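Note: the block below is query_13.pdb and it holds PDB, C-alpha atoms.
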```pdb
ATOM      1  CA  MET K 107     -16.022  -0.594   6.638
ATOM      2  CA  SER K 108     -13.340  -3.285   6.320
ATOM      3  CA  TRP K 109     -12.593  -2.304   2.724
ATOM      4  CA  LEU K 110     -12.148   1.371   3.647
ATOM      5  CA  VAL K 111      -9.802   0.468   6.489
ATOM      6  CA  LEU K 112      -7.912  -1.872   4.156
ATOM      7  CA  VAL K 113      -7.435   0.865   1.543
ATOM      8  CA  ALA K 114      -6.221   3.308   4.212
ATOM      9  CA  SER K 115      -3.911   0.611   5.545
ATOM     10  CA  GLY K 116      -2.510   0.037   2.046
ATOM     11  CA  CYS K 117      -1.832   3.761   1.771
ATOM     12  CA  MET K 118       0.013   3.629   5.092
ATOM     13  CA  GLU K 119       2.100   0.778   3.703
ATOM     14  CA  SER K 120       3.288   3.114   0.976
ATOM     15  CA  VAL K 121       4.061   5.814   3.537
ATOM     16  CA  TRP K 122       6.212   3.489   5.626
ATOM     17  CA  ALA K 123       8.007   2.126   2.567
ATOM     18  CA  ILE K 124       8.876   5.632   1.375
ATOM     19  CA  ALA K 125       9.897   6.703   4.896
ATOM     20  CA  LEU K 126      12.084   3.602   5.188
ATOM     21  CA  GLY K 127      14.036   4.684   2.125
ATOM     22  CA  LYS K 128      14.326   8.257   3.365
ATOM     23  CA  SER K 129      15.520   7.113   6.799
ATOM     24  CA  GLU K 130      18.740   5.832   5.187
ATOM     25  CA  GLY K 131      19.090   2.843   7.490
ATOM     26  CA  PHE K 132      17.308   4.559  10.389
ATOM     27  CA  THR K 133      20.003   7.250  10.582
ATOM     28  CA  HIS K 134      17.515  10.129  10.124
ATOM     29  CA  VAL K 135      15.130  10.594  13.050
ATOM     30  CA  GLY K 136      12.172  12.222  11.245
ATOM     31  CA  PRO K 137      11.696   9.587   8.542
ATOM     32  CA  THR K 138      12.342   6.846  11.117
ATOM     33  CA  ILE K 139       9.488   8.132  13.293
ATOM     34  CA  VAL K 140       7.205   8.369  10.243
ATOM     35  CA  PHE K 141       8.211   4.802   9.329
ATOM     36  CA  VAL K 142       7.341   3.405  12.770
ATOM     37  CA  VAL K 143       4.004   5.240  13.053
ATOM     38  CA  ALA K 144       2.921   4.344   9.508
ATOM     39  CA  LEU K 145       4.015   0.722   9.983
ATOM     40  CA  VAL K 146       1.965   0.356  13.159
ATOM     41  CA  LEU K 147      -1.100   2.001  11.572
ATOM     42  CA  SER K 148      -0.740  -0.146   8.467
ATOM     43  CA  MET K 149      -0.533  -3.376  10.455
ATOM     44  CA  LEU K 150      -3.438  -2.411  12.705
ATOM     45  CA  GLY K 151      -5.579  -1.661   9.667
ATOM     46  CA  LEU K 152      -4.667  -4.926   7.974
ATOM     47  CA  SER K 153      -5.389  -6.896  11.143
ATOM     48  CA  PHE K 154      -8.791  -5.195  11.412
ATOM     49  CA  ALA K 155      -9.621  -5.951   7.780
ATOM     50  CA  VAL K 156      -8.796  -9.664   7.993
ATOM     51  CA  LYS K 157     -11.440 -10.069  10.693
ATOM     52  CA  THR K 158     -14.111  -9.924   7.978
ATOM     53  CA  LEU K 159     -12.252 -10.275   4.664
ATOM     54  CA  PRO K 160     -10.423 -13.362   3.414
ATOM     55  CA  THR K 161      -6.783 -13.093   4.477
ATOM     56  CA  GLY K 162      -5.372 -13.777   1.007
ATOM     57  CA  THR K 163      -7.598 -11.184  -0.622
ATOM     58  CA  ALA K 164      -6.912  -8.582   2.059
ATOM     59  CA  TYR K 165      -3.171  -9.164   1.856
ATOM     60  CA  ALA K 166      -3.124  -8.974  -1.952
ATOM     61  CA  VAL K 167      -5.085  -5.715  -1.908
ATOM     62  CA  TRP K 168      -2.902  -4.270   0.870
ATOM     63  CA  VAL K 169       0.330  -5.112  -0.946
ATOM     64  CA  GLY K 170      -1.069  -3.990  -4.312
ATOM     65  CA  ILE K 171      -2.097  -0.576  -3.034
ATOM     66  CA  GLY K 172       1.177  -0.083  -1.199
ATOM     67  CA  ALA K 173       3.301  -1.181  -4.136
ATOM     68  CA  ALA K 174       1.378   0.899  -6.671
ATOM     69  CA  LEU K 175       1.490   4.077  -4.588
ATOM     70  CA  THR K 176       5.169   3.610  -3.779
ATOM     71  CA  VAL K 177       6.080   3.228  -7.456
ATOM     72  CA  ILE K 178       3.838   6.142  -8.461
ATOM     73  CA  TYR K 179       5.558   8.303  -5.831
ATOM     74  CA  GLY K 180       8.941   7.235  -7.151
ATOM     75  CA  MET K 181       7.977   8.084 -10.720
ATOM     76  CA  ALA K 182       6.440  11.420  -9.678
ATOM     77  CA  THR K 183       9.573  12.470  -7.790
ATOM     78  CA  GLY K 184      11.949  11.244 -10.474
ATOM     79  CA  SER K 185      13.621   8.630  -8.291
ATOM     80  CA  GLU K 186      12.220   5.852 -10.504
ATOM     81  CA  PRO K 187      11.942   5.831 -14.286
ATOM     82  CA  ALA K 188       8.530   6.557 -15.762
ATOM     83  CA  ASN K 189       7.760   4.975 -19.103
ATOM     84  CA  LEU K 190       4.685   3.643 -20.839
ATOM     85  CA  ALA K 191       5.353   0.019 -19.896
ATOM     86  CA  ARG K 192       5.724   0.814 -16.183
ATOM     87  CA  ILE K 193       2.620   2.999 -16.199
ATOM     88  CA  LEU K 194       0.578   0.269 -17.908
ATOM     89  CA  LEU K 195       1.843  -2.368 -15.480
ATOM     90  CA  ILE K 196       0.938  -0.228 -12.455
ATOM     91  CA  ALA K 197      -2.486   0.425 -14.014
ATOM     92  CA  GLY K 198      -2.872  -3.338 -14.384
ATOM     93  CA  LEU K 199      -1.987  -3.824 -10.728
ATOM     94  CA  VAL K 200      -4.576  -1.241  -9.703
ATOM     95  CA  GLY K 201      -7.106  -2.958 -11.970
ATOM     96  CA  CYS K 202      -6.421  -6.278 -10.258
ATOM     97  CA  VAL K 203      -6.944  -4.713  -6.821
ATOM     98  CA  ILE K 204     -10.271  -3.268  -7.989
ATOM     99  CA  GLY K 205     -11.165  -6.651  -9.466
ATOM    100  CA  LEU K 206     -10.580  -8.380  -6.131
ATOM    101  CA  LYS K 207     -13.034  -5.972  -4.508
ATOM    102  CA  LEU K 208     -15.606  -6.534  -7.242
ATOM    103  CA  VAL K 209     -15.509 -10.317  -6.972
ATOM    104  CA  ASP K 210     -15.453 -10.390  -3.173
ATOM    105  CA  GLY K 211     -18.505 -12.196  -1.853
ATOM    106  CA  ALA K 212     -18.452 -10.524   1.568
ATOM    107  CA  ALA K 213     -21.117  -7.887   2.141
ATOM    108  CA  ASP K 214     -19.496  -4.831   3.670
TER     109      ASP K 214
END
```
Take the structure in the file and write it out as structure tokens.
Amino acid sequence: MSWLVLVASGCMESVWAIALGKSEGFTHVGPTIVFVVALVLSMLGLSFAVKTLPTGTAYAVWVGIGAALTVIYGMATGSEPANLARILLIAGLVGCVIGLKLVDGAAD
């Protein structure tokens, strides 16, 4: 259960990061509300996950998922460049996140 919550929390991290950019310094109400809600959900999920997962592992997975999804969103929308090197590096990041789950000794 902790891993599922952690993955959802990492996805929420991406949502708040994207909303933060779209809020343009909190001058747009809609994205600002999305930012606050996603931030709270993301933090609650991370705090739940670290009850049973090692903090360093949980944090690395949380950041990795959030970073990867945020960059993928940027590439998909054209706001960030998409090239082979960037795609391979994001794939490597995702591979590392999966690797942390595979080597985790906690039964979940």
- Query: Residues picked by the PyMOL selection byres ((chain K and resi 158-165) around 12) here, as a PyMOL selection string?
  - Reply: chain K and resi 107-113+115-116+119+148-149+151-157+166-173+202-214
With 3 Å on each side, where is the centre of the axis-aligned box around all listed atoms of region 128-136 of chain K, and how long are its edges in Å to one decimal, as AutoDock Vina command-line options?
```
--center_x 16.1 --center_y 7.5 --center_z 8.2 --size_x 13.8 --size_y 15.4 --size_z 15.7
```
- Message: Which residue is closest to Thr183 (chain K)? Choose from K:Val142, K:Phe132, K:Leu195, K:Ile124 and count all atoms listed in the file.
- Response: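 Using all atoms listed in the file, the shortest distance to Thr183 (chain K) belongs to K:Ile124.
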- Query: Applied to the shown file, which residues does the PyMOL selection byres ((chain K and resi 145) around 10) return, written as a list in words?
  - Reply: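 When the PyMOL selection byres ((chain K and resi 145) around 10) is applied to the shown file, the picked residues are Ser115, Met118, Glu119, Ser120, Val121, Trp122, Ala123, Ala125, Leu126, Ile139, Val140, Phe141, Val142, Val143, Ala144, Val146, Leu147, Ser148, Met149, Leu150 and Gly151 of chain K.
Interatomic distance, CA of Gly136 (chain K) to CA of Ala174 (chain K): 23.8 Å.
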Quick one: region 135-171 of chain K with C-alpha atoms, as a tab-separated table (two decimals), in the first residue's frame?
```
chain	number	residue	atom	x	y	z
K	135	VAL	CA	-6.39	31.78	-9.25
K	136	GLY	CA	-7.18	28.44	-10.95
K	137	PRO	CA	-3.61	27.14	-11.22
K	138	THR	CA	-2.87	28.50	-7.73
K	139	ILE	CA	-5.73	26.44	-6.26
K	140	VAL	CA	-4.56	23.35	-8.17
K	141	PHE	CA	-1.03	23.99	-6.85
K	142	VAL	CA	-2.15	24.18	-3.21
K	143	VAL	CA	-4.41	21.10	-3.39
K	144	ALA	CA	-1.82	18.99	-5.23
K	145	LEU	CA	0.94	20.13	-2.86
K	146	VAL	CA	-1.06	19.13	0.20
K	147	LEU	CA	-2.01	15.75	-1.31
K	148	SER	CA	1.58	15.13	-2.38
K	149	MET	CA	2.97	15.88	1.08
K	150	LEU	CA	0.31	13.80	2.82
K	151	GLY	CA	1.10	10.86	0.56
K	152	LEU	CA	4.83	11.17	1.13
K	153	SER	CA	4.35	11.41	4.89
K	154	PHE	CA	2.19	8.27	4.80
K	155	ALA	CA	4.77	6.38	2.75
K	156	VAL	CA	7.71	7.18	5.04
K	157	LYS	CA	5.90	5.46	7.91
K	158	THR	CA	6.87	2.10	6.39
K	159	LEU	CA	9.48	2.88	3.71
K	160	PRO	CA	12.99	4.20	4.29
K	161	THR	CA	12.87	8.00	4.09
K	162	GLY	CA	15.73	8.29	1.60
K	163	THR	CA	14.23	5.71	-0.73
K	164	ALA	CA	10.75	7.21	-0.50
K	165	TYR	CA	12.06	10.71	-1.14
K	166	ALA	CA	14.18	9.61	-4.12
K	167	VAL	CA	11.22	7.80	-5.67
K	168	TRP	CA	8.88	10.73	-4.99
K	169	VAL	CA	11.25	13.26	-6.56
K	170	GLY	CA	12.09	10.93	-9.46
K	171	ILE	CA	8.46	10.38	-10.40
```
